[in-house]
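Enquirer: What follows is work-v9.txt, made up of compact mmCIF, C-alpha atoms (C1' of nucleotides):
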# COMPACT_ATOMS: atom_id res chain seq x y z
CA MET A 1352 53.18 43.63 -7.97
CA ALA A 1353 52.26 44.58 -4.45
CA ALA A 1354 52.70 48.26 -5.07
CA THR A 1355 49.82 48.97 -2.73
CA THR A 1356 51.13 51.57 -0.33
CA THR A 1357 49.43 50.09 2.68
CA PRO A 1358 49.45 52.85 5.31
CA CYS A 1359 48.84 50.75 8.34
CA CYS A 1360 49.67 50.61 11.90
CA ALA A 1361 50.24 52.89 14.81
CA PRO A 1362 53.44 52.62 16.86
CA ILE A 1363 53.77 49.19 18.36
CA ALA A 1364 53.28 50.44 21.93
CA ARG A 1365 50.28 52.57 21.11
CA GLU A 1366 47.59 49.97 20.74
CA PRO A 1367 47.50 46.20 20.27
CA LEU A 1368 48.20 45.17 16.70
CA SER A 1369 45.40 43.37 14.94
CA GLU A 1370 46.01 39.83 13.80
CA PRO A 1371 46.00 40.72 10.08
CA ASP A 1372 48.27 43.73 10.56
CA ALA A 1373 50.69 41.64 12.60
CA ALA A 1374 50.77 38.97 9.91
CA ASP A 1375 51.32 41.56 7.24
CA LEU A 1376 54.13 43.31 9.09
CA ALA A 1377 55.75 40.02 9.98
CA VAL A 1378 56.21 39.25 6.29
CA MET A 1379 58.12 42.48 5.83
CA LEU A 1380 60.12 42.00 9.01
CA LYS A 1381 61.06 38.42 8.13
CA ALA A 1382 62.58 39.78 4.95
CA VAL A 1383 64.75 42.15 6.94
CA ALA A 1384 65.54 39.73 9.75
CA ASP A 1385 68.66 38.34 8.12
CA PRO A 1386 72.22 39.66 8.26
CA VAL A 1387 72.79 39.29 4.54
CA ARG A 1388 69.52 40.93 3.55
CA LEU A 1389 70.06 43.72 6.04
CA ARG A 1390 73.40 44.50 4.50
CA LEU A 1391 72.00 44.20 0.99
CA LEU A 1392 69.25 46.65 1.83
CA SER A 1393 71.76 48.99 3.41
CA MET A 1394 74.15 48.78 0.49
CA ILE A 1395 71.39 49.44 -2.00
CA GLY A 1396 69.95 52.32 -0.03
CA SER A 1397 73.25 54.02 0.61
CA HIS A 1398 74.64 53.51 -2.86
CA ALA A 1399 75.28 56.49 -5.07
CA GLY A 1400 72.25 57.30 -7.19
CA GLY A 1401 69.96 55.41 -4.85
CA GLU A 1402 70.40 52.18 -6.74
CA ALA A 1403 72.91 49.38 -6.97
CA CYS A 1404 73.78 46.77 -9.54
CA VAL A 1405 73.66 43.13 -8.49
CA CYS A 1406 77.25 42.77 -9.66
CA ASP A 1407 78.38 45.27 -7.03
CA LEU A 1408 76.47 43.53 -4.27
CA THR A 1409 77.66 40.01 -4.96
CA ASP A 1410 81.33 40.81 -4.50
CA ALA A 1411 80.79 42.10 -0.97
CA PHE A 1412 79.71 38.68 0.30
CA ASP A 1413 81.25 35.28 0.58
CA LEU A 1414 78.20 33.76 -1.06
CA THR A 1415 77.36 32.45 -4.51
CA ALA A 1416 75.37 34.44 -7.03
CA PRO A 1417 72.27 32.24 -6.72
CA THR A 1418 72.19 32.87 -2.99
CA ILE A 1419 72.40 36.64 -3.39
CA SER A 1420 69.75 36.44 -6.05
CA HIS A 1421 67.55 34.52 -3.65
CA HIS A 1422 67.93 37.15 -0.93
CA LEU A 1423 67.17 39.95 -3.36
CA LYS A 1424 64.02 38.13 -4.40
CA VAL A 1425 62.91 37.86 -0.79
CA LEU A 1426 63.41 41.59 -0.32
CA ARG A 1427 61.58 42.36 -3.54
CA THR A 1428 58.70 40.03 -2.78
CA ALA A 1429 58.29 41.75 0.57
CA GLY A 1430 58.05 45.07 -1.24
CA LEU A 1431 61.20 46.52 0.27
CA ILE A 1432 63.14 46.90 -2.95
CA ASP A 1433 62.33 47.19 -6.61
CA GLY A 1434 64.45 45.91 -9.46
CA GLU A 1435 64.90 46.93 -13.05
CA ARG A 1436 66.98 45.46 -15.85
CA ARG A 1437 68.99 47.88 -17.95
CA GLY A 1438 70.96 46.10 -20.59
CA THR A 1439 73.21 43.47 -19.15
CA TRP A 1440 72.80 44.50 -15.53
CA VAL A 1441 69.95 44.54 -13.06
CA TYR A 1442 69.61 47.49 -10.71
CA TYR A 1443 67.79 47.51 -7.40
CA ARG A 1444 66.60 50.40 -5.30
CA ILE A 1445 64.79 50.83 -2.01
CA VAL A 1446 61.04 51.40 -1.78
CA PRO A 1447 60.96 54.27 0.74
CA GLU A 1448 57.32 53.76 1.75
CA ALA A 1449 58.05 50.24 2.94
CA VAL A 1450 61.04 51.24 5.04
CA ASN A 1451 59.18 54.20 6.46
CA ARG A 1452 56.36 51.93 7.50
CA LEU A 1453 58.76 49.90 9.60
CA GLY A 1454 60.21 53.06 11.07
CA ALA A 1455 56.77 54.25 12.08
CA LEU A 1456 56.05 50.95 13.77
CA PHE A 1457 59.04 51.26 16.08
CA THR A 1458 58.49 54.89 16.80
CA PRO A 1459 60.10 56.17 20.02
CA LEU A 1460 58.33 55.50 23.26
CA THR A 1461 58.47 57.50 26.48
CA GLU A 1462 62.25 57.13 26.60
CA PRO A 1463 63.91 55.65 29.74
CA ALA A 1464 60.50 55.03 31.27
CA PRO A 1465 61.55 53.60 34.62
CA ALA A 1466 58.98 52.08 36.92
CA GLY A 1467 56.60 54.92 37.54
CA PRO A 1468 52.92 55.25 38.28
CA VAL A 1469 52.63 55.77 34.55
CA PRO A 1470 49.42 57.67 33.87
CA ALA A 1471 46.87 55.53 32.17
CA SER A 1472 47.29 57.67 29.08
CA LEU A 1473 48.79 54.63 27.47
CA ALA A 1474 45.98 52.28 28.23
CA VAL A 1475 44.64 49.86 25.72
CA THR A 1476 42.44 51.99 23.51
CA ARG A 1477 40.35 49.07 22.40
CA MET B 810 71.54 40.73 31.61
CA ALA B 811 72.34 42.39 28.35
CA ALA B 812 71.55 45.81 29.72
CA THR B 813 74.25 47.25 27.49
CA THR B 814 72.55 50.10 25.74
CA THR B 815 74.22 49.45 22.44
CA PRO B 816 73.84 52.71 20.54
CA CYS B 817 74.67 51.44 17.10
CA CYS B 818 73.79 52.07 13.63
CA ALA B 819 72.86 54.92 11.40
CA PRO B 820 69.70 54.74 9.29
CA ILE B 821 69.82 51.78 6.97
CA ALA B 822 70.10 53.94 3.85
CA ARG B 823 72.78 56.21 5.25
CA GLU B 824 75.83 53.97 5.00
CA PRO B 825 76.43 50.25 4.49
CA LEU B 826 75.92 48.26 7.66
CA SER B 827 78.98 46.47 8.97
CA GLU B 828 78.86 42.72 9.15
CA PRO B 829 78.80 42.63 12.98
CA ASP B 830 76.16 45.33 13.22
CA ALA B 831 73.99 43.51 10.69
CA ALA B 832 74.32 40.26 12.59
CA ASP B 833 73.46 42.01 15.83
CA LEU B 834 70.43 43.77 14.42
CA ALA B 835 69.25 40.60 12.70
CA VAL B 836 68.95 38.89 16.06
CA MET B 837 66.64 41.62 17.29
CA LEU B 838 64.67 41.68 14.04
CA LYS B 839 64.25 37.90 13.97
CA ALA B 840 62.61 38.18 17.36
CA VAL B 841 60.08 40.66 16.00
CA ALA B 842 59.57 38.94 12.66
CA ASP B 843 56.71 36.76 13.84
CA PRO B 844 53.01 37.60 13.98
CA VAL B 845 52.57 36.20 17.48
CA ARG B 846 55.61 37.98 18.91
CA LEU B 847 54.64 41.22 17.19
CA ARG B 848 51.25 41.09 18.83
CA LEU B 849 52.77 40.11 22.18
CA LEU B 850 55.14 43.05 22.04
CA SER B 851 52.31 45.35 21.06
CA MET B 852 50.03 44.07 23.79
CA ILE B 853 52.73 44.44 26.42
CA GLY B 854 53.72 47.91 25.28
CA SER B 855 50.21 49.23 25.03
CA HIS B 856 48.98 47.68 28.23
CA ALA B 857 47.98 49.92 31.12
CA GLY B 858 50.92 50.55 33.43
CA GLY B 859 53.39 49.62 30.73
CA GLU B 860 53.45 45.99 31.73
CA ALA B 861 51.34 42.91 31.18
CA CYS B 862 50.92 39.62 32.98
CA VAL B 863 51.48 36.42 31.04
CA CYS B 864 48.01 35.32 32.04
CA ASP B 865 46.52 38.24 30.13
CA LEU B 866 48.55 37.52 27.04
CA THR B 867 47.85 33.81 26.79
CA ASP B 868 44.10 34.21 26.48
CA ALA B 869 44.39 36.39 23.39
CA PHE B 870 45.91 33.58 21.33
CA ASP B 871 44.83 30.19 20.19
CA LEU B 872 48.09 28.74 21.43
CA THR B 873 49.18 26.72 24.43
CA ALA B 874 50.95 28.25 27.39
CA PRO B 875 54.31 26.67 26.55
CA THR B 876 54.22 28.24 23.14
CA ILE B 877 53.49 31.70 24.49
CA SER B 878 56.24 31.23 27.03
CA HIS B 879 58.61 30.30 24.25
CA HIS B 880 57.81 33.44 22.29
CA LEU B 881 58.24 35.61 25.37
CA LYS B 882 61.62 34.03 25.94
CA VAL B 883 62.67 34.85 22.40
CA LEU B 884 61.66 38.47 22.89
CA ARG B 885 63.43 38.64 26.23
CA THR B 886 66.60 36.99 24.94
CA ALA B 887 66.68 39.55 22.15
CA GLY B 888 66.51 42.30 24.74
CA LEU B 889 63.17 43.63 23.59
CA ILE B 890 61.27 42.92 26.77
CA ASP B 891 62.12 42.38 30.41
CA GLY B 892 60.27 40.11 32.80
CA GLU B 893 59.77 40.14 36.53
CA ARG B 894 58.00 37.74 38.82
CA ARG B 895 55.72 39.24 41.45
CA GLY B 896 54.07 36.55 43.50
CA THR B 897 52.25 34.05 41.38
CA TRP B 898 52.38 36.03 38.18
CA VAL B 899 55.14 37.14 35.85
CA TYR B 900 54.97 40.61 34.34
CA TYR B 901 56.69 41.72 31.17
CA ARG B 902 57.41 45.19 29.91
CA ILE B 903 59.07 46.69 26.88
CA VAL B 904 62.71 47.81 26.85
CA PRO B 905 62.35 51.21 25.15
CA GLU B 906 66.01 51.47 24.10
CA ALA B 907 65.72 48.30 22.05
CA VAL B 908 62.59 49.38 20.23
CA ASN B 909 64.02 52.84 19.64
CA ARG B 910 67.07 51.30 18.09
CA LEU B 911 64.92 49.56 15.51
CA GLY B 912 63.03 52.78 14.90
CA ALA B 913 66.28 54.62 14.26
CA LEU B 914 67.40 51.98 11.80
CA PHE B 915 64.34 52.48 9.60
CA THR B 916 64.39 56.20 9.88
CA PRO B 917 62.71 58.06 7.02
CA LEU B 918 64.75 58.51 3.88
CA THR B 919 64.78 61.45 1.52
CA GLU B 920 61.28 60.47 0.45
CA PRO B 921 60.84 59.77 -3.27
CA ALA B 922 64.63 59.80 -3.66
CA PRO B 923 64.91 59.77 -7.44
CA ALA B 924 68.28 59.41 -9.09
CA GLY B 925 70.42 62.24 -7.76
CA PRO B 926 74.10 63.09 -8.19
CA VAL B 927 74.80 61.77 -4.69
CA PRO B 928 78.55 62.04 -4.05
CA ALA B 929 80.31 58.73 -4.26
CA SER B 930 81.43 59.18 -0.67
CA LEU B 931 79.10 56.36 0.25
CA ALA B 932 80.50 53.60 -1.87
CA VAL B 933 80.55 49.99 -0.77
CA THR B 934 83.28 49.73 1.83
CA ARG B 935 83.95 46.08 1.11
C1' DT C 731 74.82 32.92 -35.68
C1' DT C 732 77.80 31.72 -31.90
C1' DC C 733 80.10 32.83 -27.71
C1' DC C 734 80.56 35.05 -23.31
C1' DT C 735 78.96 37.28 -19.18
C1' DG C 736 75.46 38.66 -15.74
C1' DA C 737 71.41 37.08 -13.33
C1' DT C 738 67.79 33.96 -12.20
C1' DT C 739 65.56 29.46 -11.57
C1' DC C 740 65.68 24.67 -10.17
C1' DG C 741 66.51 20.68 -7.07
C1' DA C 742 68.72 18.92 -3.18
C1' DT C 743 70.44 19.13 1.51
C1' DA C 744 71.41 20.62 6.17
C1' DC C 745 69.78 23.50 9.57
C1' DC C 746 66.58 26.42 12.14
C1' DT C 747 61.92 27.28 14.18
C1' DG C 748 56.99 27.10 15.75
C1' DT C 749 54.09 24.07 17.98
C1' DC C 750 52.54 20.62 21.11
C1' DG C 751 52.12 17.35 25.37
C1' DA C 752 54.26 16.02 29.49
C1' DA C 753 57.04 17.07 33.31
C1' DA C 754 59.34 20.31 36.39
C1' DT C 755 59.38 24.80 38.86
C1' DT C 756 57.55 28.52 41.84
C1' DA C 757 54.47 30.45 44.91
C1' DT C 758 50.00 30.94 47.19
C1' DA C 759 46.06 28.78 49.79
C1' DG C 760 44.07 25.31 53.06
C1' DC D 936 52.55 19.53 54.54
C1' DT D 937 49.52 18.91 50.64
C1' DA D 938 46.90 20.83 46.98
C1' DT D 939 46.25 24.02 43.39
C1' DA D 940 47.43 27.44 39.92
C1' DA D 941 50.75 30.01 36.84
C1' DT D 942 55.08 29.60 34.09
C1' DT D 943 58.70 27.52 32.37
C1' DT D 944 61.59 23.66 30.65
C1' DC D 945 62.07 19.43 28.03
C1' DG D 946 61.78 16.37 24.06
C1' DA D 947 59.81 15.58 19.73
C1' DC D 948 57.92 16.47 15.27
C1' DA D 949 56.38 19.11 11.05
C1' DG D 950 57.35 22.83 8.20
C1' DG D 951 60.24 26.55 6.66
C1' DT D 952 64.79 28.47 5.03
C1' DA D 953 69.71 29.42 3.70
C1' DT D 954 72.93 27.55 0.86
C1' DC D 955 74.98 25.25 -2.95
C1' DG D 956 75.84 23.28 -7.88
C1' DA D 957 73.84 22.75 -12.26
C1' DA D 958 70.89 24.37 -15.64
C1' DT D 959 68.48 28.17 -17.81
C1' DC D 960 67.47 32.85 -19.41
C1' DA D 961 68.83 37.64 -21.26
C1' DG D 962 71.92 40.80 -23.74
C1' DG D 963 76.10 42.35 -25.90
C1' DA D 964 80.10 41.38 -28.84
C1' DA D 965 82.75 38.87 -32.21
Would you mind giving the structure from this file in structure tokens?

Expert:
Amino acid sequence: MAATTTPCCAPIAREPLSEPDAADLAVMLKAVADPVRLRLLSMIGSHAGGEACVCDLTDAFDLTAPTISHHLKVLRTAGLIDGERRGTWVYYRIVPEAVNRLGALFTPLTEPAPAGPVPASLAVTR
Amino acid sequence: MAATTTPCCAPIAREPLSEPDAADLAVMLKAVADPVRLRLLSMIGSHAGGEACVCDLTDAFDLTAPTISHHLKVLRTAGLIDGERRGTWVYYRIVPEAVNRLGALFTPLTEPAPAGPVPASLAVTR
DNA sequence: TTCCTGATTCGATACCTGTCGAAATTATAG
DNA sequence: CTATAATTTCGACAGGTATCGAATCAGGAA
């Protein structure tokens, strides 16, 4: 489901986001805009082997299993992680394309960029 | 206010995010996790001169002025934009450090990242 | 089979959030 | 000083969401 590697979207300060693109990205960002899910994503991504068992994740939080399961589902529905059952346990791993897409969106701007004349090279392309 | 250039945080898949860091980043991400605010941020960042007047922004949406003002406040509170009143109009511009911080968080991974040996030096800290 | 353990689904509840209309604020123009 | 325009603040309301306990599903072991 939703394995479509949508390329999409120049850096956020490059040109105005279209309404559909904004809506699409917002779905992904909403999934990440939560302390628990951020940590889950980080734990999964940094875990040895590139994947983590739900059993490992649950213990790190002061939350019940259903709640963790709910958060994992949100991340999976947003296309940020992918899960697979192997025997008794379920393993999740990051979907790199999705994370990279977010990284590309917030690509570095012109750095400190104090108030300058700022050449119109950054004008609205439109 | 809140001009503290919090460095913070390795790429999300590098090591598990600490609880405080996750909470901190979630605030910023919540601000961006909305279609309207995403477009506002994009319009401000890509506007000629690096700043945009509220009057310009309001017309692009099918929302009332109070609502747009609310969204701008959310973005400003999160430290993503900074506003300044000049005469009758209020101008907003992006805070590059904040956006860069998000970009760094979702920095590219090792690409396909299949199951590798990956030393257990990155286990869940707990 | 039957039991046990890991994980998800299902309701229910308390809280957060996006939106609006009305009122208040700020600054320019007559 | 009064009028007008641009923004913001203030309630208020509808819809969304994080969390839990209980029930359910999926495999492995006795």

Enquirer: At most 8 Å is the cut-off: for each residue in chain A with any atom that close to an atom of chain D, write down the nearest atom pair and the distance in Å rounded to one decimal, counting all atoms listed in the file, chain first then increasing number, as CSV.

Expert:
residue,atom,partner,partner_atom,distance
A:Thr1415,CA,D:DC955,C1',7.7
A:Thr1418,CA,D:DT954,C1',6.6
A:Gly1438,CA,D:DG962,C1',6.2
A:Thr1439,CA,D:DG962,C1',5.5

Enquirer: Next, the residues of the selection above should be written as a PDB file, keeping the file's coordinate frame with C-alpha atoms.

Expert:
ATOM      1  CA  THR A1415      77.360  32.450  -4.510  1.00  0.00           C
ATOM      2  CA  THR A1418      72.190  32.870  -2.990  1.00  0.00           C
ATOM      3  CA  GLY A1438      70.960  46.100 -20.590  1.00  0.00           C
ATOM      4  CA  THR A1439      73.210  43.470 -19.150  1.00  0.00           C
TER       5      THR A1439
END

Enquirer: Enumerate as a ChimeraX atom specification the residues belonging to chain A that approach chain C to within 9 Å, with only C-alpha atoms (C1' of nucleotides) taken into account.

Expert: /A:1405-1406,1416-1417,1420-1421,1439-1441

Enquirer: Within 7 Å of chain B, which residues of chain A show up? Give each one with its shortest atom-to-atom distance in Å (one decimal) and the two atoms involved, counting all atoms listed in the file, rows by chain then rising residue number, as CSV.

Expert:
residue,atom,partner,partner_atom,distance
A:Ile1363,CA,B:Ser851,CA,4.9
A:Ala1364,CA,B:Gly854,CA,4.2
A:Arg1365,CA,B:Ser855,CA,5.2
A:Glu1366,CA,B:Ser855,CA,5.1
A:Pro1367,CA,B:Met852,CA,4.8
A:Leu1368,CA,B:Arg848,CA,5.5
A:Ala1373,CA,B:Pro844,CA,4.9
A:Ala1374,CA,B:Pro844,CA,4.8
A:Ala1377,CA,B:Ala842,CA,4.8
A:Leu1380,CA,B:Ala842,CA,4.8
A:Lys1381,CA,B:Ala842,CA,4.8
A:Ala1384,CA,B:Lys839,CA,4.8
A:Asp1385,CA,B:Ala835,CA,5.1
A:Pro1386,CA,B:Ala832,CA,4.8
A:Leu1389,CA,B:Ala831,CA,6.1
A:Arg1390,CA,B:Leu826,CA,5.5
A:Ser1393,CA,B:Ile821,CA,4.9
A:Met1394,CA,B:Pro825,CA,4.8
A:Gly1396,CA,B:Ala822,CA,4.2
A:Ser1397,CA,B:Ala822,CA,4.5
A:His1398,CA,B:Ala932,CA,5.9
A:Ala1399,CA,B:Val927,CA,5.3
A:Gly1400,CA,B:Ala924,CA,4.9
A:Gly1401,CA,B:Ala924,CA,6.1
A:Ala1411,CA,B:Arg935,CA,5.5
A:Pro1447,CA,B:Glu920,CA,6.2
A:Val1450,CA,B:Phe915,CA,5.8
A:Asn1451,CA,B:Pro917,CA,5.3
A:Leu1453,CA,B:Phe915,CA,6.1
A:Gly1454,CA,B:Phe915,CA,4.4
A:Phe1457,CA,B:Gly912,CA,4.4
A:Thr1458,CA,B:Gly912,CA,5.4
A:Pro1459,CA,B:Asn909,CA,5.2
A:Leu1460,CA,B:Pro905,CA,6.2
A:Glu1462,CA,B:Pro905,CA,6.1
A:Pro1463,CA,B:Pro905,CA,6.6
A:Val1469,CA,B:Gly858,CA,5.6
A:Ala1471,CA,B:Ala857,CA,5.8
A:Leu1473,CA,B:Ala857,CA,6.0
A:Ala1474,CA,B:Ala857,CA,4.2
A:Val1475,CA,B:His856,CA,5.5

Enquirer: Rounded to one decimal in Å, what is the spacing between atom CA of A:Leu1431 and atom CA of B:Ala819?

Expert: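 Atom CA of A:Leu1431 sits 18.2 Å away from atom CA of B:Ala819.
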
Enquirer: Can you provide chain B as a CSV table (one decimal) with C-alpha atoms, keeping the file's coordinate frame, superposed onto chain A by least squares across all C-alpha atoms matched in order?

Expert:
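Output saved as selection-v2.csv:
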chain,number,residue,atom,x,y,z
B,810,MET,CA,53.0,45.1,-7.8
B,811,ALA,CA,52.2,45.9,-4.2
B,812,ALA,CA,52.6,49.6,-4.7
B,813,THR,CA,49.9,50.2,-2.1
B,814,THR,CA,51.5,52.7,0.2
B,815,THR,CA,50.0,51.1,3.3
B,816,PRO,CA,50.2,53.8,5.9
B,817,CYS,CA,49.6,51.7,9.0
B,818,CYS,CA,50.6,51.5,12.5
B,819,ALA,CA,51.4,53.8,15.3
B,820,PRO,CA,54.7,53.4,17.2
B,821,ILE,CA,54.9,50.0,18.8
B,822,ALA,CA,54.6,51.3,22.3
B,823,ARG,CA,51.7,53.6,21.6
B,824,GLU,CA,48.8,51.1,21.4
B,825,PRO,CA,48.6,47.3,21.0
B,826,LEU,CA,49.1,46.2,17.4
B,827,SER,CA,46.1,44.5,15.8
B,828,GLU,CA,46.6,40.9,14.7
B,829,PRO,CA,46.5,41.8,10.9
B,830,ASP,CA,48.8,44.7,11.3
B,831,ALA,CA,51.3,42.5,13.2
B,832,ALA,CA,51.1,39.8,10.6
B,833,ASP,CA,51.7,42.4,7.9
B,834,LEU,CA,54.6,44.0,9.6
B,835,ALA,CA,56.1,40.6,10.5
B,836,VAL,CA,56.4,39.8,6.8
B,837,MET,CA,58.4,43.0,6.2
B,838,LEU,CA,60.5,42.4,9.3
B,839,LYS,CA,61.3,38.8,8.4
B,840,ALA,CA,62.7,40.0,5.2
B,841,VAL,CA,65.1,42.3,7.0
B,842,ALA,CA,65.9,39.9,9.8
B,843,ASP,CA,68.9,38.4,8.1
B,844,PRO,CA,72.5,39.6,8.1
B,845,VAL,CA,72.9,39.1,4.3
B,846,ARG,CA,69.6,40.9,3.5
B,847,LEU,CA,70.4,43.7,5.9
B,848,ARG,CA,73.7,44.3,4.2
B,849,LEU,CA,72.1,44.0,0.7
B,850,LEU,CA,69.5,46.6,1.6
B,851,SER,CA,72.2,48.8,3.1
B,852,MET,CA,74.5,48.5,0.1
B,853,ILE,CA,71.6,49.2,-2.3
B,854,GLY,CA,70.4,52.2,-0.3
B,855,SER,CA,73.8,53.7,0.1
B,856,HIS,CA,75.0,53.1,-3.4
B,857,ALA,CA,75.7,56.1,-5.7
B,858,GLY,CA,72.6,57.0,-7.7
B,859,GLY,CA,70.3,55.2,-5.2
B,860,GLU,CA,70.5,51.9,-7.1
B,861,ALA,CA,72.9,49.0,-7.3
B,862,CYS,CA,73.5,46.3,-9.9
B,863,VAL,CA,73.3,42.7,-8.8
B,864,CYS,CA,76.8,42.2,-10.1
B,865,ASP,CA,78.1,44.7,-7.6
B,866,LEU,CA,76.3,43.1,-4.7
B,867,THR,CA,77.3,39.5,-5.4
B,868,ASP,CA,81.1,40.1,-5.1
B,869,ALA,CA,80.7,41.5,-1.6
B,870,PHE,CA,79.6,38.1,-0.2
B,871,ASP,CA,81.0,34.7,0.0
B,872,LEU,CA,77.8,33.3,-1.4
B,873,THR,CA,76.7,31.9,-4.8
B,874,ALA,CA,74.7,34.0,-7.3
B,875,PRO,CA,71.5,31.9,-6.8
B,876,THR,CA,71.6,32.6,-3.1
B,877,ILE,CA,72.0,36.4,-3.6
B,878,SER,CA,69.2,36.3,-6.1
B,879,HIS,CA,67.1,34.5,-3.5
B,880,HIS,CA,67.7,37.1,-0.9
B,881,LEU,CA,66.9,39.9,-3.3
B,882,LYS,CA,63.7,38.2,-4.2
B,883,VAL,CA,62.7,38.0,-0.5
B,884,LEU,CA,63.4,41.8,-0.1
B,885,ARG,CA,61.5,42.6,-3.3
B,886,THR,CA,58.5,40.4,-2.4
B,887,ALA,CA,58.3,42.2,1.0
B,888,GLY,CA,58.2,45.5,-0.9
B,889,LEU,CA,61.4,46.8,0.5
B,890,ILE,CA,63.2,47.0,-2.8
B,891,ASP,CA,62.3,47.3,-6.5
B,892,GLY,CA,64.2,45.9,-9.4
B,893,GLU,CA,64.5,46.8,-13.0
B,894,ARG,CA,66.4,45.2,-15.8
B,895,ARG,CA,68.4,47.5,-18.1
B,896,GLY,CA,70.1,45.6,-20.8
B,897,THR,CA,72.3,42.8,-19.4
B,898,TRP,CA,72.1,43.9,-15.8
B,899,VAL,CA,69.4,44.2,-13.2
B,900,TYR,CA,69.3,47.2,-10.9
B,901,TYR,CA,67.7,47.4,-7.5
B,902,ARG,CA,66.7,50.3,-5.4
B,903,ILE,CA,65.1,50.9,-2.1
B,904,VAL,CA,61.4,51.6,-1.7
B,905,PRO,CA,61.5,54.5,0.8
B,906,GLU,CA,57.9,54.2,2.0
B,907,ALA,CA,58.6,50.7,3.2
B,908,VAL,CA,61.7,51.6,5.1
B,909,ASN,CA,60.0,54.6,6.6
B,910,ARG,CA,57.2,52.5,7.8
B,911,LEU,CA,59.6,50.4,9.8
B,912,GLY,CA,61.2,53.5,11.2
B,913,ALA,CA,57.9,54.8,12.3
B,914,LEU,CA,57.1,51.6,14.1
B,915,PHE,CA,60.2,51.8,16.2
B,916,THR,CA,59.8,55.5,16.9
B,917,PRO,CA,61.5,56.7,20.1
B,918,LEU,CA,59.5,56.2,23.3
B,919,THR,CA,59.4,58.5,26.3
B,920,GLU,CA,63.0,57.6,27.0
B,921,PRO,CA,63.7,56.1,30.4
B,922,ALA,CA,59.9,55.7,30.9
B,923,PRO,CA,59.8,54.7,34.6
B,924,ALA,CA,56.6,53.6,36.2
B,925,GLY,CA,54.1,56.5,35.6
B,926,PRO,CA,50.4,56.9,36.3
B,927,VAL,CA,49.7,56.4,32.6
B,928,PRO,CA,45.9,56.4,32.2
B,929,ALA,CA,44.4,53.0,31.6
B,930,SER,CA,43.1,54.2,28.3
B,931,LEU,CA,45.6,51.9,26.6
B,932,ALA,CA,44.5,48.6,28.0
B,933,VAL,CA,44.7,45.4,26.1
B,934,THR,CA,41.9,45.5,23.6
B,935,ARG,CA,41.6,41.8,23.4

Enquirer: Can you measure atom CA of B:Tyr901 to atom CA of B:Arg885 for me? One decimal in Å is fine.

Expert: 8.9 Å

Enquirer: How far is it from atom CA of B:Asp891 to atom CA of B:Ala861, in Å with one decimal?

Expert: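 Atom CA of B:Asp891 sits 10.8 Å away from atom CA of B:Ala861.
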